[in-house]
>>> print(open('start-v4.txt').read())   # compact mmCIF, C-alpha atoms and all ligand atoms
# COMPACT_ATOMS: atom_id res chain seq x y z
CA MET A 1 -33.36 -14.46 42.41
CA SER A 2 -33.63 -13.32 38.80
CA ARG A 3 -31.12 -10.60 37.95
CA LEU A 4 -30.21 -8.47 34.95
CA THR A 5 -26.81 -6.82 34.70
CA VAL A 6 -25.91 -4.63 31.73
CA PHE A 7 -22.45 -3.50 30.68
CA ALA A 8 -20.90 -1.59 27.83
CA ASP A 9 -19.25 -4.28 25.75
CA THR A 10 -15.89 -2.57 26.29
CA ALA A 11 -16.19 -2.42 30.09
CA PRO A 12 -16.58 -5.75 31.88
CA GLY A 13 -16.80 -5.28 35.64
CA THR A 14 -18.52 -1.87 35.39
CA PRO A 15 -22.28 -2.45 35.27
CA ILE A 16 -24.37 0.39 33.91
CA LEU A 17 -27.57 -1.26 35.15
CA GLN A 18 -28.33 -3.99 37.66
CA THR A 19 -31.75 -5.02 38.89
CA GLU A 20 -33.41 -7.98 40.60
CA ASP A 21 -36.92 -6.65 40.07
CA ALA A 22 -38.77 -8.90 37.62
CA ALA A 23 -40.87 -6.09 36.13
CA ALA A 24 -37.77 -3.92 35.67
CA ILE A 25 -35.91 -6.83 34.06
CA ALA A 26 -38.80 -7.42 31.66
CA ASP A 27 -38.99 -3.71 30.80
CA ALA A 28 -35.27 -3.41 30.18
CA LEU A 29 -35.09 -6.54 28.05
CA LYS A 30 -38.05 -5.42 25.99
CA ALA A 31 -35.79 -2.67 24.60
CA ILE A 32 -33.69 -5.36 22.90
CA ASN A 33 -36.72 -7.47 21.92
CA VAL A 34 -36.00 -10.14 24.51
CA ARG A 35 -39.15 -11.42 26.19
CA PHE A 36 -38.94 -12.05 29.93
CA GLU A 37 -41.79 -13.24 32.15
CA ARG A 38 -42.32 -14.87 35.51
CA TRP A 39 -44.63 -17.90 35.54
CA GLU A 40 -46.07 -19.12 38.82
CA SER A 41 -45.97 -22.89 39.07
CA PRO A 42 -49.55 -24.18 39.04
CA VAL A 43 -48.52 -27.23 41.07
CA ALA A 44 -45.56 -28.24 43.21
CA LEU A 45 -43.01 -30.01 41.04
CA SER A 46 -39.94 -31.93 42.10
CA PRO A 47 -36.72 -32.26 40.08
CA ASP A 48 -37.54 -35.95 39.76
CA ASP A 49 -40.82 -35.37 37.95
CA SER A 50 -41.07 -36.73 34.43
CA ALA A 51 -41.01 -34.56 31.34
CA GLU A 52 -44.67 -35.43 30.76
CA THR A 53 -45.69 -34.25 34.24
CA ILE A 54 -43.78 -30.99 33.80
CA LEU A 55 -45.22 -30.31 30.35
CA GLU A 56 -48.72 -31.04 31.61
CA ALA A 57 -48.29 -28.69 34.59
CA TYR A 58 -47.29 -25.79 32.35
CA ARG A 59 -49.65 -26.63 29.50
CA PRO A 60 -51.85 -23.50 29.93
CA TYR A 61 -48.78 -21.25 29.83
CA LEU A 62 -47.30 -23.16 26.92
CA ASP A 63 -50.49 -22.98 24.90
CA GLY A 64 -50.59 -19.22 25.40
CA LEU A 65 -46.95 -18.80 24.47
CA MET A 66 -47.20 -21.02 21.42
CA GLY A 67 -50.24 -19.10 20.28
CA ALA A 68 -48.29 -15.86 20.62
CA THR A 69 -45.07 -17.03 19.02
CA GLY A 70 -46.24 -19.61 16.53
CA ALA A 71 -43.78 -22.13 17.96
CA GLY A 72 -45.27 -25.60 17.73
CA SER A 73 -43.39 -27.89 20.11
CA ALA A 74 -42.08 -28.07 23.64
CA ASP A 75 -39.81 -30.46 25.47
CA VAL A 76 -37.86 -30.69 28.72
CA ILE A 77 -34.10 -30.61 29.18
CA LYS A 78 -32.35 -31.43 32.45
CA LEU A 79 -28.72 -30.84 33.26
CA THR A 80 -27.04 -31.81 36.52
CA PRO A 81 -23.39 -31.64 37.59
CA ASP A 82 -23.06 -35.43 37.38
CA HIS A 83 -24.14 -35.49 33.71
CA PRO A 84 -21.26 -37.18 31.85
CA GLN A 85 -21.30 -34.47 29.17
CA ALA A 86 -21.86 -31.52 31.54
CA ALA A 87 -18.52 -29.89 30.68
CA ALA A 88 -18.90 -30.47 26.93
CA LEU A 89 -22.47 -29.16 26.97
CA ARG A 90 -21.33 -26.05 28.83
CA GLU A 91 -18.56 -25.47 26.32
CA LYS A 92 -20.95 -25.89 23.40
CA PHE A 93 -22.93 -22.70 24.04
CA LEU A 94 -20.29 -20.66 25.89
CA SER A 95 -19.05 -18.77 22.83
CA GLU A 96 -21.04 -16.02 21.20
CA HIS A 97 -23.53 -17.42 18.68
CA ILE A 98 -26.86 -16.91 17.00
CA HIS A 99 -29.72 -19.24 16.04
CA THR A 100 -32.11 -19.20 13.11
CA GLU A 101 -35.13 -19.29 15.42
CA ASP A 102 -36.00 -17.77 18.77
CA GLU A 103 -34.37 -19.50 21.76
CA ILE A 104 -37.24 -19.86 24.24
CA ARG A 105 -36.54 -21.33 27.66
CA PHE A 106 -38.49 -21.60 30.89
CA PHE A 107 -36.66 -22.57 34.08
CA VAL A 108 -38.66 -25.21 35.96
CA HIS A 109 -35.82 -25.72 38.45
CA GLY A 110 -32.32 -24.39 38.88
CA ALA A 111 -30.72 -21.47 37.07
CA GLY A 112 -28.63 -20.33 34.13
CA ASN A 113 -27.41 -17.16 32.44
CA PHE A 114 -28.44 -15.96 29.01
CA ILE A 115 -26.03 -13.24 27.99
CA MET A 116 -27.01 -11.11 25.01
CA HIS A 117 -24.67 -8.85 23.03
CA VAL A 118 -26.74 -6.10 21.42
CA ASN A 119 -26.04 -2.51 20.38
CA GLY A 120 -22.60 -2.38 21.96
CA GLN A 121 -23.88 -3.69 25.29
CA VAL A 122 -23.76 -6.98 27.16
CA TRP A 123 -27.00 -8.01 28.87
CA ASP A 124 -26.45 -10.76 31.46
CA ALA A 125 -29.82 -12.27 32.46
CA HIS A 126 -29.47 -14.64 35.40
CA CYS A 127 -32.62 -16.73 35.09
CA VAL A 128 -33.99 -18.82 37.95
CA GLN A 129 -36.94 -21.08 38.66
CA GLY A 130 -40.09 -19.48 37.26
CA ASP A 131 -38.36 -17.36 34.59
CA LEU A 132 -39.24 -17.44 30.92
CA ILE A 133 -36.83 -15.89 28.46
CA SER A 134 -37.05 -15.66 24.69
CA VAL A 135 -33.97 -14.59 22.75
CA PRO A 136 -34.94 -13.59 19.19
CA ALA A 137 -33.45 -15.34 16.19
CA GLY A 138 -30.27 -13.64 15.06
CA THR A 139 -29.48 -12.11 18.47
CA ARG A 140 -25.84 -12.57 19.46
CA HIS A 141 -25.70 -14.37 22.81
CA TRP A 142 -24.18 -17.15 24.86
CA PHE A 143 -25.38 -19.34 27.74
CA ASP A 144 -23.67 -20.39 30.93
CA ALA A 145 -24.95 -22.39 33.90
CA GLY A 146 -21.50 -22.62 35.49
CA ASP A 147 -19.25 -25.59 36.12
CA GLN A 148 -21.87 -27.22 38.39
CA PRO A 149 -24.89 -26.86 36.11
CA PHE A 150 -28.25 -27.62 37.65
CA PHE A 151 -31.41 -26.83 35.82
CA THR A 152 -34.57 -28.27 34.32
CA ALA A 153 -35.91 -26.15 31.49
CA LEU A 154 -38.75 -26.19 29.02
CA ARG A 155 -37.69 -25.57 25.43
CA VAL A 156 -40.28 -24.15 23.06
CA PHE A 157 -39.46 -24.42 19.39
CA SER A 158 -40.68 -24.95 15.85
CA ASP A 159 -37.77 -26.84 14.35
CA MET A 160 -34.93 -28.49 16.28
CA SER A 161 -32.53 -27.34 13.58
CA GLY A 162 -33.04 -23.87 15.05
CA TRP A 163 -30.93 -24.98 18.05
CA VAL A 164 -27.78 -25.19 15.95
CA ALA A 165 -25.35 -22.53 17.16
CA HIS A 166 -23.84 -20.36 14.44
CA PHE A 167 -20.72 -18.97 16.07
CA THR A 168 -19.80 -15.35 15.42
CA GLY A 169 -16.08 -15.86 16.09
CA ASP A 170 -16.12 -13.01 18.63
CA ASP A 171 -14.34 -14.03 21.85
CA ILE A 172 -16.30 -11.52 23.95
CA SER A 173 -17.75 -14.20 26.24
CA ALA A 174 -14.27 -14.84 27.65
CA ARG A 175 -14.21 -11.21 28.87
CA PHE A 176 -17.67 -11.31 30.46
CA PRO A 177 -17.97 -14.21 32.91
CA ALA A 178 -21.57 -14.93 33.85
CA ILE A 179 -22.69 -13.48 37.17
CA ALA A 180 -24.20 -16.44 39.04
FE FE B 1 -28.12 -20.17 22.12
>>> encode(input="start-v4.txt", output="structure tokens", more="lines below")
Ligand SMILES: [Fe+2]
Amino acid sequence: MSRLTVFADTAPGTPILQTEDAAAIADALKAINVRFERWESPVALSPDDSAETILEAYRPYLDGLMGATGAGSADVIKLTPDHPQAAALREKFLSEHIHTEDEIRFFVHGAGNFIMHVNGQVWDAHCVQGDLISVPAGTRHWFDAGDQPFFTALRVFSDMSGWVAHFTGDDISARFPAIA
């Protein structure tokens, strides 16, 4: 189930807000300009489906989103625990960073945590199948899908160079383990 947990950035372990209600999650995240939506799958998809099949299934949603955001491209990324670079890929985005364009992800299968650090608070969004999240450019955040990562996600973007992580040097993510 989708879940949002918010902490003061000085108080890990003491949530000031926790909700599993999708509308409440979307409302709360709106305050920090993070877009959150639930998309119903138009067709039944299996984790073995090709990227083309997945993109085609979500095409109406993607067209709407691209029209709203101006992002021009979408692709599919899959990560499974047996991926040879699973640990390295986890490590890559586990420290606080920003990007030069919005980080837009839709979870087709599986789950992962986007954790934003805004206005002295830590916003841990546990995203699951059917969740869209868009983290605005310049927002401090990190991502964790755990040590057994399993997800298939759509990425919506304008320029792949926007995926480069610019690390802030803040070690805050070590103090706020993702809530799976
Ligand atoms: Fe990121």
>>> atom_distance(input="start-v4.txt", atom1="CA of Ser73 (chain A)", atom2="CA of Pro47 (chain A)")
21.5 Å
>>> closest_residue(input="start-v4.txt", among="A:Val108, A:Ile32, A:Ala24, A:Val6", to="Ile77 (chain A)", atoms="all atoms listed in the file")
A:Val108
>>> closest_residue(input="start-v4.txt", among="A:Arg90, A:Lys78, A:Arg175, A:His99", to="ligand FE 1 (chain B)", atoms="all atoms listed in the file")
A:His99
>>> closest_residue(input="start-v4.txt", among="A:His109, A:His83, A:His126, A:His97", to="ligand FE 1 (chain B)", atoms="all atoms listed in the file")
A:His97
>>> atom_distance(input="start-v4.txt", atom1="CA of Leu132 (chain A)", atom2="CA of Leu154 (chain A)")
9.0 Å
>>> closest_residue(input="start-v4.txt", among="A:Thr168, A:Asn33, A:Ser2, A:Thr10", to="Ile98 (chain A)", atoms="only C-alpha atoms")
A:Thr168
>>> residues_near_ligand(input="start-v4.txt", ligand="ligand FE 1 (chain B)", cutoff="10 Å", atoms="only C-alpha atoms and all ligand atoms", output="JSON, numbers by chain")
{"A": [92, 93, 94, 95, 96, 97, 98, 99, 100, 101, 102, 103, 104, 114, 115, 116, 135, 136, 137, 138, 139, 140, 141, 142, 143, 144, 162, 163, 164, 165, 166, 167]}
>>> write_last_selection(input="start-v4.txt", atoms="C-alpha atoms", output="JSON list (two decimals), in the frame of the given file")
[["chain", "number", "residue", "atom", "x", "y", "z"],
["A", 92, "LYS", "CA", -20.95, -25.89, 23.40],
["A", 93, "PHE", "CA", -22.93, -22.70, 24.04],
["A", 94, "LEU", "CA", -20.29, -20.66, 25.89],
["A", 95, "SER", "CA", -19.05, -18.77, 22.83],
["A", 96, "GLU", "CA", -21.04, -16.02, 21.20],
["A", 97, "HIS", "CA", -23.53, -17.42, 18.68],
["A", 98, "ILE", "CA", -26.86, -16.91, 17.00],
["A", 99, "HIS", "CA", -29.72, -19.24, 16.04],
["A", 100, "THR", "CA", -32.11, -19.20, 13.11],
["A", 101, "GLU", "CA", -35.13, -19.29, 15.42],
["A", 102, "ASP", "CA", -36.00, -17.77, 18.77],
["A", 103, "GLU", "CA", -34.37, -19.50, 21.76],
["A", 104, "ILE", "CA", -37.24, -19.86, 24.24],
["A", 114, "PHE", "CA", -28.44, -15.96, 29.01],
["A", 115, "ILE", "CA", -26.03, -13.24, 27.99],
["A", 116, "MET", "CA", -27.01, -11.11, 25.01],
["A", 135, "VAL", "CA", -33.97, -14.59, 22.75],
["A", 136, "PRO", "CA", -34.94, -13.59, 19.19],
["A", 137, "ALA", "CA", -33.45, -15.34, 16.19],
["A", 138, "GLY", "CA", -30.27, -13.64, 15.06],
["A", 139, "THR", "CA", -29.48, -12.11, 18.47],
["A", 140, "ARG", "CA", -25.84, -12.57, 19.46],
["A", 141, "HIS", "CA", -25.70, -14.37, 22.81],
["A", 142, "TRP", "CA", -24.18, -17.15, 24.86],
["A", 143, "PHE", "CA", -25.38, -19.34, 27.74],
["A", 144, "ASP", "CA", -23.67, -20.39, 30.93],
["A", 162, "GLY", "CA", -33.04, -23.87, 15.05],
["A", 163, "TRP", "CA", -30.93, -24.98, 18.05],
["A", 164, "VAL", "CA", -27.78, -25.19, 15.95],
["A", 165, "ALA", "CA", -25.35, -22.53, 17.16],
["A", 166, "HIS", "CA", -23.84, -20.36, 14.44],
["A", 167, "PHE", "CA", -20.72, -18.97, 16.07]]
>>> atom_distance(input="start-v4.txt", atom1="CA of Leu4 (chain A)", atom2="CA of Glu56 (chain A)")
29.4 Å
>>> axis_aligned_box(input="start-v4.txt", around="region 140-155 of chain A", padding_each_side="3 Å", output="JSON")
{"center_x": -29.0, "center_y": -20.4, "center_z": 28.9, "size_x": 25.5, "size_y": 21.7, "size_z": 24.9}
>>> residues_near_point(input="start-v4.txt", point="(-35.8, -17.5, 30.9)", cutoff="12 Å", atoms="all atoms listed in the file", output="short mmCIF file (atom, residue, chain, number, x, y, z; two decimals) with C-alpha atoms, keeping the file's coordinate frame")
data_model
loop_
_atom_site.label_atom_id
_atom_site.label_comp_id
_atom_site.auth_asym_id
_atom_site.auth_seq_id
_atom_site.Cartn_x
_atom_site.Cartn_y
_atom_site.Cartn_z
CA SER A 2 -33.63 -13.32 38.80
CA ARG A 3 -31.12 -10.60 37.95
CA LEU A 4 -30.21 -8.47 34.95
CA ALA A 22 -38.77 -8.90 37.62
CA ILE A 25 -35.91 -6.83 34.06
CA ALA A 26 -38.80 -7.42 31.66
CA LEU A 29 -35.09 -6.54 28.05
CA VAL A 34 -36.00 -10.14 24.51
CA ARG A 35 -39.15 -11.42 26.19
CA PHE A 36 -38.94 -12.05 29.93
CA GLU A 37 -41.79 -13.24 32.15
CA ARG A 38 -42.32 -14.87 35.51
CA TRP A 39 -44.63 -17.90 35.54
CA GLU A 103 -34.37 -19.50 21.76
CA ILE A 104 -37.24 -19.86 24.24
CA ARG A 105 -36.54 -21.33 27.66
CA PHE A 106 -38.49 -21.60 30.89
CA PHE A 107 -36.66 -22.57 34.08
CA VAL A 108 -38.66 -25.21 35.96
CA HIS A 109 -35.82 -25.72 38.45
CA GLY A 110 -32.32 -24.39 38.88
CA ALA A 111 -30.72 -21.47 37.07
CA GLY A 112 -28.63 -20.33 34.13
CA ASN A 113 -27.41 -17.16 32.44
CA PHE A 114 -28.44 -15.96 29.01
CA ILE A 115 -26.03 -13.24 27.99
CA ASP A 124 -26.45 -10.76 31.46
CA ALA A 125 -29.82 -12.27 32.46
CA HIS A 126 -29.47 -14.64 35.40
CA CYS A 127 -32.62 -16.73 35.09
CA VAL A 128 -33.99 -18.82 37.95
CA GLN A 129 -36.94 -21.08 38.66
CA GLY A 130 -40.09 -19.48 37.26
CA ASP A 131 -38.36 -17.36 34.59
CA LEU A 132 -39.24 -17.44 30.92
CA ILE A 133 -36.83 -15.89 28.46
CA SER A 134 -37.05 -15.66 24.69
CA VAL A 135 -33.97 -14.59 22.75
CA PHE A 143 -25.38 -19.34 27.74
CA PHE A 151 -31.41 -26.83 35.82
CA THR A 152 -34.57 -28.27 34.32
CA ALA A 153 -35.91 -26.15 31.49
CA LEU A 154 -38.75 -26.19 29.02
CA ARG A 155 -37.69 -25.57 25.43
CA VAL A 156 -40.28 -24.15 23.06
#
>>> closest_residue(input="start-v4.txt", among="A:Asp49, A:Asp147, A:Asp63, A:Asp170", to="Asp82 (chain A)", atoms="all atoms listed in the file")
A:Asp147
>>> closest_residue(input="start-v4.txt", among="A:Gly13, A:Leu45, A:Ala74, A:Phe176", to="Arg59 (chain A)", atoms="all atoms listed in the file")
A:Ala74
>>> residues_near_point(input="start-v4.txt", point="(-40.1, -24.6, 15.8)", cutoff="7 Å", atoms="only C-alpha atoms", output="ChimeraX atom specification")
/A:71-73,157-160
>>> decode(input="start-v4.txt", residues="region 86-129 of chain A", atoms="N, CA and C atoms", output="short mmCIF file (atom, residue, chain, number, x, y, z; two decimals), in the first residue's frame")
data_model
loop_
_atom_site.label_atom_id
_atom_site.label_comp_id
_atom_site.auth_asym_id
_atom_site.auth_seq_id
_atom_site.Cartn_x
_atom_site.Cartn_y
_atom_site.Cartn_z
N ALA A 86 22.52 -4.64 -8.88
CA ALA A 86 21.46 -4.18 -7.97
C ALA A 86 22.04 -3.36 -6.82
N ALA A 87 23.12 -3.86 -6.21
CA ALA A 87 23.68 -3.15 -5.05
C ALA A 87 24.27 -1.81 -5.47
N ALA A 88 24.97 -1.79 -6.60
CA ALA A 88 25.59 -0.55 -7.07
C ALA A 88 24.52 0.48 -7.46
N LEU A 89 23.45 -0.01 -8.09
CA LEU A 89 22.37 0.89 -8.49
C LEU A 89 21.67 1.47 -7.26
N ARG A 90 21.53 0.65 -6.22
CA ARG A 90 20.91 1.15 -4.98
C ARG A 90 21.78 2.26 -4.40
N GLU A 91 23.06 1.97 -4.33
CA GLU A 91 24.02 2.91 -3.74
C GLU A 91 24.01 4.26 -4.47
N LYS A 92 23.82 4.18 -5.78
CA LYS A 92 23.95 5.35 -6.64
C LYS A 92 23.00 6.49 -6.25
N PHE A 93 21.78 6.13 -5.82
CA PHE A 93 20.78 7.18 -5.56
C PHE A 93 20.39 7.24 -4.08
N LEU A 94 21.24 6.61 -3.23
CA LEU A 94 20.90 6.49 -1.81
C LEU A 94 21.35 7.70 -0.99
N SER A 95 22.18 8.55 -1.57
CA SER A 95 22.60 9.76 -0.87
C SER A 95 21.80 10.94 -1.40
N GLU A 96 21.62 11.92 -0.54
CA GLU A 96 20.79 13.07 -0.93
C GLU A 96 21.35 13.75 -2.17
N HIS A 97 20.44 14.03 -3.13
CA HIS A 97 20.86 14.63 -4.40
C HIS A 97 19.72 15.44 -5.00
N ILE A 98 20.06 16.16 -6.04
CA ILE A 98 19.05 16.87 -6.83
C ILE A 98 19.29 16.53 -8.31
N HIS A 99 18.29 16.84 -9.13
CA HIS A 99 18.43 16.72 -10.59
C HIS A 99 18.06 18.06 -11.23
N THR A 100 18.47 18.21 -12.48
CA THR A 100 18.17 19.46 -13.19
C THR A 100 16.81 19.39 -13.89
N GLU A 101 16.16 18.23 -13.88
CA GLU A 101 14.78 18.19 -14.35
C GLU A 101 13.94 17.33 -13.40
N ASP A 102 12.63 17.44 -13.54
CA ASP A 102 11.74 16.69 -12.66
C ASP A 102 12.05 15.20 -12.77
N GLU A 103 11.99 14.49 -11.64
CA GLU A 103 12.13 13.03 -11.66
C GLU A 103 10.72 12.47 -11.58
N ILE A 104 10.26 11.91 -12.71
CA ILE A 104 8.88 11.43 -12.83
C ILE A 104 8.91 9.92 -12.99
N ARG A 105 8.26 9.24 -12.06
CA ARG A 105 8.25 7.78 -12.10
C ARG A 105 6.84 7.26 -11.85
N PHE A 106 6.51 6.19 -12.58
CA PHE A 106 5.25 5.49 -12.34
C PHE A 106 5.58 4.02 -12.10
N PHE A 107 5.06 3.49 -10.99
CA PHE A 107 5.36 2.10 -10.63
C PHE A 107 4.36 1.15 -11.28
N VAL A 108 4.85 0.41 -12.27
CA VAL A 108 4.03 -0.58 -12.99
C VAL A 108 3.91 -1.84 -12.14
N HIS A 109 5.01 -2.22 -11.51
CA HIS A 109 5.06 -3.34 -10.57
C HIS A 109 6.04 -2.99 -9.46
N GLY A 110 5.89 -3.69 -8.33
CA GLY A 110 6.86 -3.53 -7.26
C GLY A 110 6.72 -2.22 -6.51
N ALA A 111 7.81 -1.81 -5.86
CA ALA A 111 7.73 -0.65 -4.95
C ALA A 111 9.10 -0.02 -4.77
N GLY A 112 9.08 1.21 -4.26
CA GLY A 112 10.32 1.92 -3.93
C GLY A 112 9.97 3.18 -3.16
N ASN A 113 10.95 3.73 -2.46
CA ASN A 113 10.73 4.92 -1.65
C ASN A 113 11.44 6.13 -2.23
N PHE A 114 10.66 7.17 -2.49
CA PHE A 114 11.24 8.48 -2.78
C PHE A 114 11.18 9.28 -1.48
N ILE A 115 12.31 9.78 -1.07
CA ILE A 115 12.38 10.48 0.22
C ILE A 115 12.89 11.90 -0.04
N MET A 116 11.99 12.86 0.19
CA MET A 116 12.29 14.25 -0.09
C MET A 116 12.69 14.97 1.19
N HIS A 117 13.61 15.93 1.05
CA HIS A 117 14.09 16.72 2.19
C HIS A 117 13.81 18.19 1.88
N VAL A 118 12.71 18.68 2.45
CA VAL A 118 12.22 20.02 2.10
C VAL A 118 11.80 20.76 3.36
N ASN A 119 12.19 22.00 3.45
CA ASN A 119 11.73 22.88 4.55
C ASN A 119 11.95 22.27 5.93
N GLY A 120 13.11 21.64 6.13
CA GLY A 120 13.40 21.09 7.46
C GLY A 120 12.64 19.83 7.79
N GLN A 121 12.03 19.20 6.75
CA GLN A 121 11.29 17.97 6.99
C GLN A 121 11.71 16.89 5.98
N VAL A 122 11.52 15.65 6.41
CA VAL A 122 11.82 14.50 5.56
C VAL A 122 10.49 13.83 5.22
N TRP A 123 10.24 13.70 3.93
CA TRP A 123 8.97 13.16 3.41
C TRP A 123 9.26 11.84 2.73
N ASP A 124 8.91 10.73 3.39
CA ASP A 124 9.21 9.39 2.88
C ASP A 124 7.96 8.85 2.18
N ALA A 125 8.00 8.83 0.85
CA ALA A 125 6.85 8.34 0.07
C ALA A 125 7.15 6.92 -0.39
N HIS A 126 6.47 5.96 0.22
CA HIS A 126 6.60 4.56 -0.20
C HIS A 126 5.61 4.36 -1.34
N CYS A 127 6.16 4.22 -2.54
CA CYS A 127 5.33 4.12 -3.75
C CYS A 127 5.20 2.66 -4.16
N VAL A 128 3.99 2.28 -4.56
CA VAL A 128 3.72 0.90 -4.97
C VAL A 128 3.06 0.90 -6.36
N GLN A 129 2.78 -0.31 -6.82
CA GLN A 129 2.14 -0.47 -8.12
C GLN A 129 0.95 0.48 -8.27
#
